[in-house]
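Enquirer: Just so it is clear, I am handing over my_file06.cif, which has mmCIF, C-alpha atoms.
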```cif
data_protein
loop_
_atom_site.group_PDB
_atom_site.id
_atom_site.type_symbol
_atom_site.label_atom_id
_atom_site.label_comp_id
_atom_site.auth_asym_id
_atom_site.auth_seq_id
_atom_site.Cartn_x
_atom_site.Cartn_y
_atom_site.Cartn_z
ATOM 1 C CA MET A 1 -9.512 6.576 -9.816
ATOM 2 C CA ASN A 2 -11.442 4.457 -12.280
ATOM 3 C CA LYS A 3 -11.447 1.067 -13.949
ATOM 4 C CA LEU A 4 -9.585 2.383 -16.977
ATOM 5 C CA GLU A 5 -6.753 3.710 -14.813
ATOM 6 C CA ILE A 6 -6.571 0.436 -12.875
ATOM 7 C CA GLN A 7 -6.300 -1.441 -16.174
ATOM 8 C CA GLU A 8 -3.482 0.875 -17.250
ATOM 9 C CA ILE A 9 -1.677 0.079 -13.984
ATOM 10 C CA GLU A 10 -2.209 -3.653 -14.556
ATOM 11 C CA ASN A 11 -0.807 -3.410 -18.089
ATOM 12 C CA ALA A 12 2.234 -1.475 -16.915
ATOM 13 C CA LEU A 13 2.947 -3.888 -14.056
ATOM 14 C CA GLU A 14 2.880 -6.812 -16.449
ATOM 15 C CA GLN A 15 5.380 -5.113 -18.751
ATOM 16 C CA TYR A 16 7.862 -4.579 -15.927
ATOM 17 C CA LEU A 17 7.897 -8.246 -14.892
ATOM 18 C CA PRO A 18 10.728 -10.464 -16.188
ATOM 19 C CA GLN A 19 9.650 -12.126 -19.433
ATOM 20 C CA GLU A 20 12.327 -14.834 -19.740
ATOM 21 C CA LYS A 21 11.374 -18.508 -19.561
ATOM 22 C CA ASP A 22 14.659 -19.985 -18.373
ATOM 23 C CA LEU A 23 16.196 -21.585 -15.288
ATOM 24 C CA ARG A 24 14.620 -18.851 -13.152
ATOM 25 C CA LYS A 25 11.112 -19.658 -14.395
ATOM 26 C CA ASN A 26 9.707 -20.587 -10.973
ATOM 27 C CA LEU A 27 10.961 -17.348 -9.438
ATOM 28 C CA PHE A 28 9.462 -15.228 -12.213
ATOM 29 C CA GLU A 29 6.138 -17.069 -12.041
ATOM 30 C CA SER A 30 6.036 -16.613 -8.269
ATOM 31 C CA MET A 31 6.626 -12.865 -8.672
ATOM 32 C CA GLU A 32 3.858 -12.648 -11.250
ATOM 33 C CA TYR A 33 1.479 -14.755 -9.155
ATOM 34 C CA SER A 34 1.401 -12.176 -6.372
ATOM 35 C CA LEU A 35 1.959 -8.958 -8.316
ATOM 36 C CA MET A 36 -0.826 -9.721 -10.801
ATOM 37 C CA ALA A 37 -3.274 -11.199 -8.273
ATOM 38 C CA GLY A 38 -5.554 -8.171 -8.464
ATOM 39 C CA GLY A 39 -6.218 -6.015 -5.445
ATOM 40 C CA LYS A 40 -7.418 -2.433 -5.230
ATOM 41 C CA ARG A 41 -4.177 -0.845 -6.529
ATOM 42 C CA ILE A 42 -4.728 1.942 -3.983
ATOM 43 C CA ARG A 43 -1.120 3.047 -3.731
ATOM 44 C CA PRO A 44 -0.316 3.375 -7.445
ATOM 45 C CA GLN A 45 -3.589 5.233 -7.976
ATOM 46 C CA LEU A 46 -2.563 7.722 -5.303
ATOM 47 C CA VAL A 47 0.801 8.313 -6.982
ATOM 48 C CA LEU A 48 -0.878 9.031 -10.313
ATOM 49 C CA GLU A 49 -3.695 11.170 -8.926
ATOM 50 C CA PHE A 50 -1.487 13.378 -6.758
ATOM 51 C CA CYS A 51 0.829 13.858 -9.716
ATOM 52 C CA ARG A 52 -2.191 14.887 -11.784
ATOM 53 C CA VAL A 53 -3.705 17.336 -9.263
ATOM 54 C CA CYS A 54 -0.296 18.989 -8.840
ATOM 55 C CA GLY A 55 -0.153 19.668 -12.579
ATOM 56 C CA GLY A 56 2.162 16.818 -13.570
ATOM 57 C CA ASP A 57 1.989 14.201 -16.320
ATOM 58 C CA ALA A 58 0.610 11.027 -14.728
ATOM 59 C CA ALA A 59 1.928 8.872 -17.587
ATOM 60 C CA LYS A 60 5.486 9.826 -16.627
ATOM 61 C CA ALA A 61 4.751 8.819 -13.015
ATOM 62 C CA MET A 62 3.582 5.325 -13.974
ATOM 63 C CA PRO A 63 6.943 3.552 -13.334
ATOM 64 C CA PHE A 64 6.970 5.026 -9.826
ATOM 65 C CA ALA A 65 3.347 4.016 -9.246
ATOM 66 C CA CYS A 66 4.217 0.467 -10.287
ATOM 67 C CA ALA A 67 7.255 0.475 -8.009
ATOM 68 C CA VAL A 68 5.063 1.191 -4.978
ATOM 69 C CA GLU A 69 2.798 -1.713 -5.897
ATOM 70 C CA MET A 70 5.828 -4.002 -6.252
ATOM 71 C CA ILE A 71 6.910 -3.065 -2.727
ATOM 72 C CA HIS A 72 3.385 -3.639 -1.446
ATOM 73 C CA SER A 73 3.177 -7.061 -3.133
ATOM 74 C CA TYR A 74 6.554 -8.127 -1.759
ATOM 75 C CA SER A 75 5.397 -7.157 1.728
ATOM 76 C CA LEU A 76 2.252 -9.278 1.384
ATOM 77 C CA ILE A 77 4.257 -12.326 0.293
ATOM 78 C CA HIS A 78 6.548 -11.993 3.321
ATOM 79 C CA ASP A 79 3.671 -11.093 5.643
ATOM 80 C CA ASP A 80 1.928 -14.385 4.797
ATOM 81 C CA LEU A 81 4.977 -16.589 5.470
ATOM 82 C CA PRO A 82 4.872 -19.092 8.366
ATOM 83 C CA CYS A 83 7.493 -17.055 10.252
ATOM 84 C CA MET A 84 5.200 -14.011 10.088
ATOM 85 C CA ASP A 85 1.392 -14.293 9.972
ATOM 86 C CA ASP A 86 1.281 -17.835 8.526
ATOM 87 C CA ASP A 87 -1.728 -17.180 6.281
ATOM 88 C CA ASP A 88 -3.094 -19.622 3.727
ATOM 89 C CA LEU A 89 -5.327 -17.278 1.743
ATOM 90 C CA ARG A 90 -4.721 -13.918 0.041
ATOM 91 C CA ARG A 91 -7.118 -12.195 -2.371
ATOM 92 C CA GLY A 92 -9.169 -15.358 -2.594
ATOM 93 C CA LYS A 93 -6.219 -17.515 -3.677
ATOM 94 C CA PRO A 94 -3.672 -19.672 -1.846
ATOM 95 C CA THR A 95 -0.807 -17.553 -0.540
ATOM 96 C CA ASN A 96 2.440 -17.533 -2.496
ATOM 97 C CA HIS A 97 4.323 -19.935 -0.243
ATOM 98 C CA LYS A 98 1.440 -22.422 -0.411
ATOM 99 C CA VAL A 99 1.865 -22.576 -4.180
ATOM 100 C CA TYR A 100 5.626 -22.177 -4.662
ATOM 101 C CA GLY A 101 7.083 -23.125 -1.275
ATOM 102 C CA GLU A 102 8.628 -20.906 1.368
ATOM 103 C CA ALA A 103 12.052 -20.531 -0.251
ATOM 104 C CA ILE A 104 10.777 -19.381 -3.641
ATOM 105 C CA ALA A 105 8.169 -17.118 -2.015
ATOM 106 C CA LEU A 106 10.880 -15.465 0.079
ATOM 107 C CA LEU A 107 13.047 -14.901 -2.997
ATOM 108 C CA ALA A 108 10.083 -13.633 -5.042
ATOM 109 C CA GLY A 109 9.471 -10.996 -2.374
ATOM 110 C CA ASP A 110 13.145 -10.019 -2.432
ATOM 111 C CA ALA A 111 13.075 -9.815 -6.228
ATOM 112 C CA LEU A 112 9.979 -7.586 -6.269
ATOM 113 C CA LEU A 113 11.600 -5.267 -3.730
ATOM 114 C CA THR A 114 14.644 -4.770 -5.914
ATOM 115 C CA LEU A 115 12.607 -4.635 -9.138
ATOM 116 C CA ALA A 116 10.826 -1.605 -7.692
ATOM 117 C CA PHE A 117 14.057 0.388 -7.565
ATOM 118 C CA GLU A 118 15.225 -0.948 -10.923
ATOM 119 C CA THR A 119 11.940 0.316 -12.394
ATOM 120 C CA MET A 120 12.088 3.785 -10.809
ATOM 121 C CA LEU A 121 15.764 4.357 -11.559
ATOM 122 C CA SER A 122 15.914 3.036 -15.110
ATOM 123 C CA PRO A 123 17.284 5.451 -17.732
ATOM 124 C CA ALA A 124 13.786 5.818 -19.215
ATOM 125 C CA SER A 125 12.163 6.661 -15.878
ATOM 126 C CA ILE A 126 14.848 9.195 -15.008
ATOM 127 C CA ALA A 127 14.656 10.805 -18.455
ATOM 128 C CA ALA A 128 10.880 11.164 -18.136
ATOM 129 C CA VAL A 129 10.832 13.106 -14.844
ATOM 130 C CA GLY A 130 14.393 14.308 -14.375
ATOM 131 C CA ALA A 131 17.136 12.941 -12.143
ATOM 132 C CA ASP A 132 16.331 15.119 -9.127
ATOM 133 C CA ARG A 133 12.646 14.198 -8.966
ATOM 134 C CA ALA A 134 13.367 10.521 -9.660
ATOM 135 C CA ALA A 135 15.921 10.401 -6.843
ATOM 136 C CA ARG A 136 13.627 12.208 -4.385
ATOM 137 C CA ALA A 137 10.701 9.935 -5.204
ATOM 138 C CA ALA A 138 12.829 6.795 -4.895
ATOM 139 C CA GLY A 139 14.174 8.084 -1.582
ATOM 140 C CA GLU A 140 10.632 8.541 -0.260
ATOM 141 C CA LEU A 141 9.806 4.939 -1.134
ATOM 142 C CA ALA A 142 13.038 3.577 0.333
ATOM 143 C CA LYS A 143 12.369 5.305 3.647
ATOM 144 C CA ALA A 144 8.729 4.164 3.697
ATOM 145 C CA ALA A 145 9.627 0.546 3.030
ATOM 146 C CA GLY A 146 12.411 0.203 5.574
ATOM 147 C CA ALA A 147 13.121 0.166 9.295
ATOM 148 C CA HIS A 148 11.465 3.539 9.897
ATOM 149 C CA GLY A 149 8.424 2.578 7.856
ATOM 150 C CA MET A 150 6.800 -0.671 6.792
ATOM 151 C CA VAL A 151 9.430 -3.070 8.181
ATOM 152 C CA GLY A 152 9.538 -1.137 11.444
ATOM 153 C CA GLY A 153 5.761 -1.396 11.723
ATOM 154 C CA GLN A 154 5.923 -5.139 11.102
ATOM 155 C CA ILE A 155 8.362 -5.727 13.954
ATOM 156 C CA ILE A 156 6.083 -3.825 16.343
ATOM 157 C CA ASP A 157 3.231 -6.012 15.086
ATOM 158 C CA LEU A 158 5.155 -9.243 15.667
ATOM 159 C CA GLU A 159 6.244 -8.225 19.139
ATOM 160 C CA SER A 160 2.716 -7.162 20.071
ATOM 161 C CA GLU A 161 1.130 -10.570 19.560
ATOM 162 C CA ASP A 162 -0.466 -12.051 22.685
ATOM 163 C CA LYS A 163 -0.058 -8.677 24.419
ATOM 164 C CA GLN A 164 -2.435 -5.872 25.259
ATOM 165 C CA VAL A 165 -0.917 -2.743 23.750
ATOM 166 C CA SER A 166 -2.007 0.876 24.050
ATOM 167 C CA LEU A 167 -3.725 2.884 21.335
ATOM 168 C CA GLU A 168 -0.511 4.894 21.003
ATOM 169 C CA VAL A 169 1.529 1.757 20.237
ATOM 170 C CA LEU A 170 -1.120 0.521 17.805
ATOM 171 C CA GLU A 171 -1.079 3.826 15.926
ATOM 172 C CA LYS A 172 2.734 3.793 15.775
ATOM 173 C CA MET A 173 2.649 0.261 14.380
ATOM 174 C CA ASP A 174 0.105 1.117 11.713
ATOM 175 C CA GLU A 175 1.831 4.376 10.844
ATOM 176 C CA GLY A 176 4.687 2.147 9.692
ATOM 177 C CA LYS A 177 3.055 -1.053 8.547
ATOM 178 C CA THR A 178 0.165 0.437 6.568
ATOM 179 C CA GLY A 179 0.492 4.209 6.573
ATOM 180 C CA ALA A 180 4.084 4.605 5.389
ATOM 181 C CA LEU A 181 3.499 3.335 1.848
ATOM 182 C CA ILE A 182 0.298 5.351 1.519
ATOM 183 C CA LEU A 183 2.144 8.477 2.673
ATOM 184 C CA ALA A 184 5.006 7.760 0.269
ATOM 185 C CA SER A 185 2.566 7.254 -2.608
ATOM 186 C CA CYS A 186 0.950 10.649 -2.093
ATOM 187 C CA ARG A 187 4.260 12.452 -1.608
ATOM 188 C CA MET A 188 5.840 10.741 -4.617
ATOM 189 C CA GLY A 189 3.025 11.939 -6.871
ATOM 190 C CA CYS A 190 3.544 15.502 -5.643
ATOM 191 C CA ILE A 191 7.325 15.331 -6.010
ATOM 192 C CA LEU A 192 7.142 13.941 -9.543
ATOM 193 C CA ALA A 193 4.904 16.879 -10.521
ATOM 194 C CA GLY A 194 7.214 19.459 -8.916
ATOM 195 C CA ALA A 195 4.718 20.434 -6.206
ATOM 196 C CA GLY A 196 5.413 23.101 -3.604
ATOM 197 C CA GLU A 197 5.567 22.769 0.169
ATOM 198 C CA GLU A 198 1.910 23.718 0.726
ATOM 199 C CA GLN A 199 0.772 20.923 -1.560
ATOM 200 C CA LEU A 200 3.128 18.442 0.096
ATOM 201 C CA ARG A 201 1.821 19.358 3.542
ATOM 202 C CA ALA A 202 -1.762 18.853 2.356
ATOM 203 C CA ALA A 203 -0.809 15.498 0.847
ATOM 204 C CA ASP A 204 0.760 14.497 4.178
ATOM 205 C CA VAL A 205 -2.439 15.242 6.118
ATOM 206 C CA TYR A 206 -4.570 13.437 3.552
ATOM 207 C CA ALA A 207 -2.276 10.403 3.477
ATOM 208 C CA ARG A 208 -1.906 10.052 7.236
ATOM 209 C CA SER A 209 -5.675 10.345 7.684
ATOM 210 C CA ILE A 210 -6.700 7.803 5.045
ATOM 211 C CA GLY A 211 -3.823 5.508 6.057
ATOM 212 C CA LEU A 212 -5.075 5.233 9.623
ATOM 213 C CA ALA A 213 -8.710 5.068 8.511
ATOM 214 C CA PHE A 214 -7.797 2.259 6.109
ATOM 215 C CA GLN A 215 -6.275 0.176 8.917
ATOM 216 C CA ILE A 216 -9.219 0.771 11.243
ATOM 217 C CA VAL A 217 -11.585 -0.381 8.487
ATOM 218 C CA ASP A 218 -9.393 -3.474 8.051
ATOM 219 C CA ASP A 219 -9.789 -4.208 11.759
ATOM 220 C CA LEU A 220 -13.549 -3.711 11.511
ATOM 221 C CA LEU A 221 -13.779 -6.039 8.521
ATOM 222 C CA ASP A 222 -11.812 -8.718 10.370
ATOM 223 C CA VAL A 223 -14.675 -8.720 12.877
ATOM 224 C CA THR A 224 -17.713 -7.841 10.770
ATOM 225 C CA GLY A 225 -16.650 -8.641 7.197
ATOM 226 C CA ASP A 226 -17.495 -11.471 4.824
ATOM 227 C CA ALA A 227 -14.505 -13.783 4.232
ATOM 228 C CA ALA A 228 -15.739 -14.562 0.708
ATOM 229 C CA LEU A 229 -15.791 -10.864 -0.207
ATOM 230 C CA LEU A 230 -12.495 -10.163 1.530
ATOM 231 C CA GLY A 231 -10.711 -13.080 -0.112
ATOM 232 C CA LYS A 232 -8.991 -13.967 3.157
ATOM 233 C CA ASN A 233 -9.834 -15.505 6.495
ATOM 234 C CA THR A 234 -11.591 -13.341 9.087
ATOM 235 C CA GLY A 235 -11.184 -13.402 12.856
ATOM 236 C CA MET A 236 -7.431 -13.860 12.537
ATOM 237 C CA ASP A 237 -6.508 -10.868 14.723
ATOM 238 C CA SER A 238 -8.469 -12.264 17.656
ATOM 239 C CA GLU A 239 -7.050 -15.734 17.069
ATOM 240 C CA ARG A 240 -3.498 -14.351 17.233
ATOM 241 C CA GLY A 241 -4.259 -12.359 20.362
ATOM 242 C CA LYS A 242 -3.622 -9.015 18.641
ATOM 243 C CA SER A 243 -4.827 -5.703 19.976
ATOM 244 C CA THR A 244 -6.843 -3.862 17.312
ATOM 245 C CA TYR A 245 -8.815 -0.650 17.060
ATOM 246 C CA VAL A 246 -11.956 -2.708 17.527
ATOM 247 C CA SER A 247 -10.665 -4.419 20.671
ATOM 248 C CA LEU A 248 -9.489 -1.088 22.115
ATOM 249 C CA LEU A 249 -12.280 1.237 20.967
ATOM 250 C CA GLY A 250 -15.233 -1.009 20.217
ATOM 251 C CA VAL A 251 -17.035 -1.217 16.874
ATOM 252 C CA GLU A 252 -19.017 2.033 17.109
ATOM 253 C CA LYS A 253 -16.123 4.214 18.309
ATOM 254 C CA ALA A 254 -13.899 2.705 15.630
ATOM 255 C CA ARG A 255 -16.463 3.609 12.966
ATOM 256 C CA GLU A 256 -16.759 7.147 14.317
ATOM 257 C CA THR A 257 -12.964 7.494 14.166
ATOM 258 C CA VAL A 258 -12.971 6.406 10.515
ATOM 259 C CA GLU A 259 -15.570 9.081 9.705
ATOM 260 C CA ARG A 260 -13.567 11.774 11.513
ATOM 261 C CA LEU A 261 -10.322 10.825 9.774
ATOM 262 C CA THR A 262 -12.022 10.749 6.389
ATOM 263 C CA GLN A 263 -13.381 14.261 6.906
ATOM 264 C CA THR A 264 -9.910 15.459 7.894
ATOM 265 C CA ALA A 265 -8.542 13.965 4.668
ATOM 266 C CA VAL A 266 -11.228 15.624 2.578
ATOM 267 C CA ASP A 267 -10.671 19.005 4.252
ATOM 268 C CA ALA A 268 -6.941 18.815 3.519
ATOM 269 C CA LEU A 269 -7.648 18.695 -0.216
ATOM 270 C CA SER A 270 -8.977 22.256 -0.313
ATOM 271 C CA VAL A 271 -5.572 23.579 -1.433
ATOM 272 C CA PHE A 272 -5.968 21.665 -4.708
ATOM 273 C CA GLY A 273 -9.373 23.128 -5.546
ATOM 274 C CA ASP A 274 -11.874 21.305 -7.751
ATOM 275 C CA SER A 275 -9.177 19.139 -9.313
ATOM 276 C CA ALA A 276 -9.087 16.969 -6.153
ATOM 277 C CA LYS A 277 -12.680 15.738 -6.463
ATOM 278 C CA GLU A 278 -11.572 12.202 -7.308
ATOM 279 C CA LEU A 279 -9.238 12.104 -4.302
ATOM 280 C CA GLU A 280 -12.152 13.179 -2.117
ATOM 281 C CA GLU A 281 -14.358 10.400 -3.514
ATOM 282 C CA PHE A 282 -11.479 7.953 -3.101
ATOM 283 C CA ALA A 283 -11.153 8.734 0.618
ATOM 284 C CA VAL A 284 -14.893 8.252 1.145
ATOM 285 C CA ALA A 285 -14.899 4.988 -0.823
ATOM 286 C CA LEU A 286 -12.015 3.602 1.255
ATOM 287 C CA ALA A 287 -13.905 4.394 4.451
ATOM 288 C CA ARG A 288 -17.040 2.637 3.236
ATOM 289 C CA ARG A 289 -15.481 -0.409 1.593
ATOM 290 C CA ASP A 290 -16.668 -3.923 2.414
ATOM 291 C CA HIS A 291 -13.589 -5.793 1.235
#
```
Could the structure of this file be written out as structure tokens, please?
Expert:
Amino acid sequence: MNKLEIQEIENALEQYLPQEKDLRKNLFESMEYSLMAGGKRIRPQLVLEFCRVCGGDAAKAMPFACAVEMIHSYSLIHDDLPCMDDDDLRRGKPTNHKVYGEAIALLAGDALLTLAFETMLSPASIAAVGADRAARAAGELAKAAGAHGMVGGQIIDLESEDKQVSLEVLEKMDEGKTGALILASCRMGCILAGAGEEQLRAADVYARSIGLAFQIVDDLLDVTGDAALLGKNTGMDSERGKSTYVSLLGVEKARETVERLTQTAVDALSVFGDSAKELEEFAVALARRDH
């Protein structure tokens, strides 16, 4: 959970990207444009850190950490498309389709999705962690990315525009759209280290708590945040007529909920002992972020 680790993730991501300069050049550049656009690298850090606190070798988990980030980047490309959220700005830069066009952006997202599984299930990745752990980790990510996870959350989001939805529906949406990949990241790190059921249950509580807190903070920042710091437009949820935690709970209650969830996450880490200090600090930092 430090700058050195983030740089290691960046270096690894770059190595997994296609290097050819041929007839597919525009596709490869579009993939690189979004994957290497920066960001907090939250999900890959969680894979590596949970692997570490469960006694595993984080270096061997790196391909799986990168795979989660590839899935996340593909989802952002598709999320920004005119048929979805129709956003022009992402991480302070024009969105992928604004630079490369809708068709190439769509294909770049598809290519990053499949590159994630190519990366996790390569002979080298399997040899490093063993076939059973590689398959289980890849299965976690597949489930999190699909109809019962991220994609399922996105459809609830799309169908909730211009509607007032309940807190229960909002939580179900975010459990898929935002929380599923965070949950998968934590579980994958545990699985790759050979963790037991008690550790997996603790990781589940931690992940679900910070996943929901993360989305509530996002909603707060859309209302109270600085667009320059965020690198994207603010006020978009209100403009699209979306129900958010802020619209349903109000700013103060939303902030209180973030604090409660963060404490729940921190408490869940007790099974890991002192080795989970960085995960504790990570949860607190996510709750207090301003971008």
Enquirer: Would you translate the PyMOL selection byres ((chain A and resi 111) around 12) into the concrete set of residues it matches in this file, as a ChimeraX atom specification?
Expert: /A:17-18,24,27-32,34-35,67,70-71,73-75,77-78,104-110,112-119
Enquirer: Could you state which residues are captured by the PyMOL selection byres ((chain A and resi 244-249) around 12) in this file, as JSON, numbers by chain?
Expert: {"A": [157, 160, 161, 162, 163, 164, 165, 166, 167, 168, 169, 170, 171, 173, 174, 212, 213, 214, 215, 216, 217, 218, 219, 220, 221, 222, 223, 224, 235, 236, 237, 238, 239, 240, 241, 242, 243, 250, 251, 252, 253, 254, 255, 256, 257, 258]}
Enquirer: What gap, in Å, lies between atom CA of A:Arg133 and atom CA of A:Leu192?
Expert: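 That distance, rounded to one decimal, is 5.5 Å.
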Enquirer: For stretch 16-33 of chain A, I'd like the enclosing box, axis-aligned and padded by 4 Å on every side, reported as JSON with centre and edge lengths in Å to one decimal.
Expert:
```
{"center_x": 8.8, "center_y": -13.1, "center_z": -14.0, "size_x": 22.7, "size_y": 25.0, "size_z": 19.5}
```
Enquirer: Pick out the closest residue to A:Lys143 from this set: A:Ala61, A:Leu158, A:Val53, A:Leu181. Count all atoms listed in the file.
Expert: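 Smallest separation from A:Lys143 among the options: A:Leu181.
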Enquirer: Evaluate the PyMOL selection byres ((chain A and resi 187) around 9) here and jot the selected residues down as a short mmCIF file (atom, residue, chain, number, x, y, z; two decimals) with C-alpha atoms, in the coordinates of the input.
Expert:
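Below is the file that was written, result-v9.cif:
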```
data_model
loop_
_atom_site.label_atom_id
_atom_site.label_comp_id
_atom_site.auth_asym_id
_atom_site.auth_seq_id
_atom_site.Cartn_x
_atom_site.Cartn_y
_atom_site.Cartn_z
CA VAL A 47 0.80 8.31 -6.98
CA PHE A 50 -1.49 13.38 -6.76
CA CYS A 51 0.83 13.86 -9.72
CA ALA A 137 10.70 9.94 -5.20
CA GLU A 140 10.63 8.54 -0.26
CA ILE A 182 0.30 5.35 1.52
CA LEU A 183 2.14 8.48 2.67
CA ALA A 184 5.01 7.76 0.27
CA SER A 185 2.57 7.25 -2.61
CA CYS A 186 0.95 10.65 -2.09
CA MET A 188 5.84 10.74 -4.62
CA GLY A 189 3.02 11.94 -6.87
CA CYS A 190 3.54 15.50 -5.64
CA ILE A 191 7.32 15.33 -6.01
CA LEU A 192 7.14 13.94 -9.54
CA LEU A 200 3.13 18.44 0.10
CA ARG A 201 1.82 19.36 3.54
CA ALA A 203 -0.81 15.50 0.85
CA ASP A 204 0.76 14.50 4.18
CA ALA A 207 -2.28 10.40 3.48
#
```
Enquirer: Would you work out the distance separating atom CA of A:Arg43 from atom CA of A:Ala103, expressed in Å to one decimal?
Expert: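 Atom CA of A:Ala103 lies at a distance of 27.2 Å from atom CA of A:Arg43.
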Enquirer: For A:Asp85, which of A:Glu197, A:Ala142, A:Ile155, A:Ala285 is the closest residue, counting all atoms listed in the file?
Expert: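 Using all atoms listed in the file, the shortest distance to A:Asp85 belongs to A:Ile155.
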Enquirer: Counting all atoms listed in the file, figure out which residue out of A:Thr264, A:Leu13, A:Arg90, A:Pro63 gets nearest to A:Gly39.
Expert: A:Arg90
Enquirer: Between atom CA of A:Gly211 and atom CA of A:Glu280, what distance in Å does the model show, to one decimal?
Expert: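 Rounded to one decimal, the two atoms are 14.0 Å apart.
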Enquirer: Hey, which of A:Ile42, A:Ala287, A:Val271, A:Met150 ends up closest to A:Leu76? Count all atoms listed in the file.
Expert: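 The shortest atom-to-atom distance to A:Leu76 comes from A:Met150.
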Enquirer: Pull stretch 133-147 of chain A out of the block and emit N, CA and C atoms, as a PDB file, in the first residue's frame.
Expert:
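decode.pdb, written as the output of this step:
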```pdb
ATOM      1  N   ARG A 133      -5.305 -23.122  -7.354  1.00  0.00           N
ATOM      2  CA  ARG A 133      -5.453 -21.743  -6.878  1.00  0.00           C
ATOM      3  C   ARG A 133      -5.675 -20.779  -8.043  1.00  0.00           C
ATOM      4  N   ALA A 134      -4.988 -20.998  -9.148  1.00  0.00           N
ATOM      5  CA  ALA A 134      -5.179 -20.140 -10.324  1.00  0.00           C
ATOM      6  C   ALA A 134      -6.615 -20.224 -10.828  1.00  0.00           C
ATOM      7  N   ALA A 135      -7.143 -21.449 -10.897  1.00  0.00           N
ATOM      8  CA  ALA A 135      -8.511 -21.642 -11.383  1.00  0.00           C
ATOM      9  C   ALA A 135      -9.527 -21.015 -10.431  1.00  0.00           C
ATOM     10  N   ARG A 136      -9.318 -21.199  -9.122  1.00  0.00           N
ATOM     11  CA  ARG A 136     -10.253 -20.620  -8.144  1.00  0.00           C
ATOM     12  C   ARG A 136     -10.228 -19.093  -8.199  1.00  0.00           C
ATOM     13  N   ALA A 137      -9.042 -18.530  -8.309  1.00  0.00           N
ATOM     14  CA  ALA A 137      -8.927 -17.072  -8.366  1.00  0.00           C
ATOM     15  C   ALA A 137      -9.567 -16.525  -9.635  1.00  0.00           C
ATOM     16  N   ALA A 138      -9.320 -17.181 -10.758  1.00  0.00           N
ATOM     17  CA  ALA A 138      -9.917 -16.746 -12.027  1.00  0.00           C
ATOM     18  C   ALA A 138     -11.437 -16.876 -11.971  1.00  0.00           C
ATOM     19  N   GLY A 139     -11.923 -17.930 -11.322  1.00  0.00           N
ATOM     20  CA  GLY A 139     -13.362 -18.104 -11.172  1.00  0.00           C
ATOM     21  C   GLY A 139     -13.991 -17.000 -10.347  1.00  0.00           C
ATOM     22  N   GLU A 140     -13.320 -16.568  -9.288  1.00  0.00           N
ATOM     23  CA  GLU A 140     -13.800 -15.449  -8.477  1.00  0.00           C
ATOM     24  C   GLU A 140     -13.953 -14.193  -9.326  1.00  0.00           C
ATOM     25  N   LEU A 141     -12.952 -13.928 -10.164  1.00  0.00           N
ATOM     26  CA  LEU A 141     -12.990 -12.719 -10.989  1.00  0.00           C
ATOM     27  C   LEU A 141     -14.058 -12.812 -12.071  1.00  0.00           C
ATOM     28  N   ALA A 142     -14.213 -13.989 -12.655  1.00  0.00           N
ATOM     29  CA  ALA A 142     -15.246 -14.176 -13.680  1.00  0.00           C
ATOM     30  C   ALA A 142     -16.634 -13.897 -13.114  1.00  0.00           C
ATOM     31  N   LYS A 143     -16.900 -14.449 -11.933  1.00  0.00           N
ATOM     32  CA  LYS A 143     -18.200 -14.243 -11.296  1.00  0.00           C
ATOM     33  C   LYS A 143     -18.413 -12.770 -10.967  1.00  0.00           C
ATOM     34  N   ALA A 144     -17.369 -12.114 -10.447  1.00  0.00           N
ATOM     35  CA  ALA A 144     -17.480 -10.711 -10.043  1.00  0.00           C
ATOM     36  C   ALA A 144     -17.703  -9.778 -11.226  1.00  0.00           C
ATOM     37  N   ALA A 145     -17.180 -10.155 -12.371  1.00  0.00           N
ATOM     38  CA  ALA A 145     -17.269  -9.279 -13.542  1.00  0.00           C
ATOM     39  C   ALA A 145     -18.563  -9.441 -14.330  1.00  0.00           C
ATOM     40  N   GLY A 146     -19.287 -10.518 -14.095  1.00  0.00           N
ATOM     41  CA  GLY A 146     -20.404 -10.860 -14.963  1.00  0.00           C
ATOM     42  C   GLY A 146     -21.780 -10.437 -14.491  1.00  0.00           C
ATOM     43  N   ALA A 147     -22.776 -11.211 -14.914  1.00  0.00           N
ATOM     44  CA  ALA A 147     -24.182 -10.851 -14.699  1.00  0.00           C
ATOM     45  C   ALA A 147     -24.571 -10.806 -13.232  1.00  0.00           C
TER      46      ALA A 147
END
```
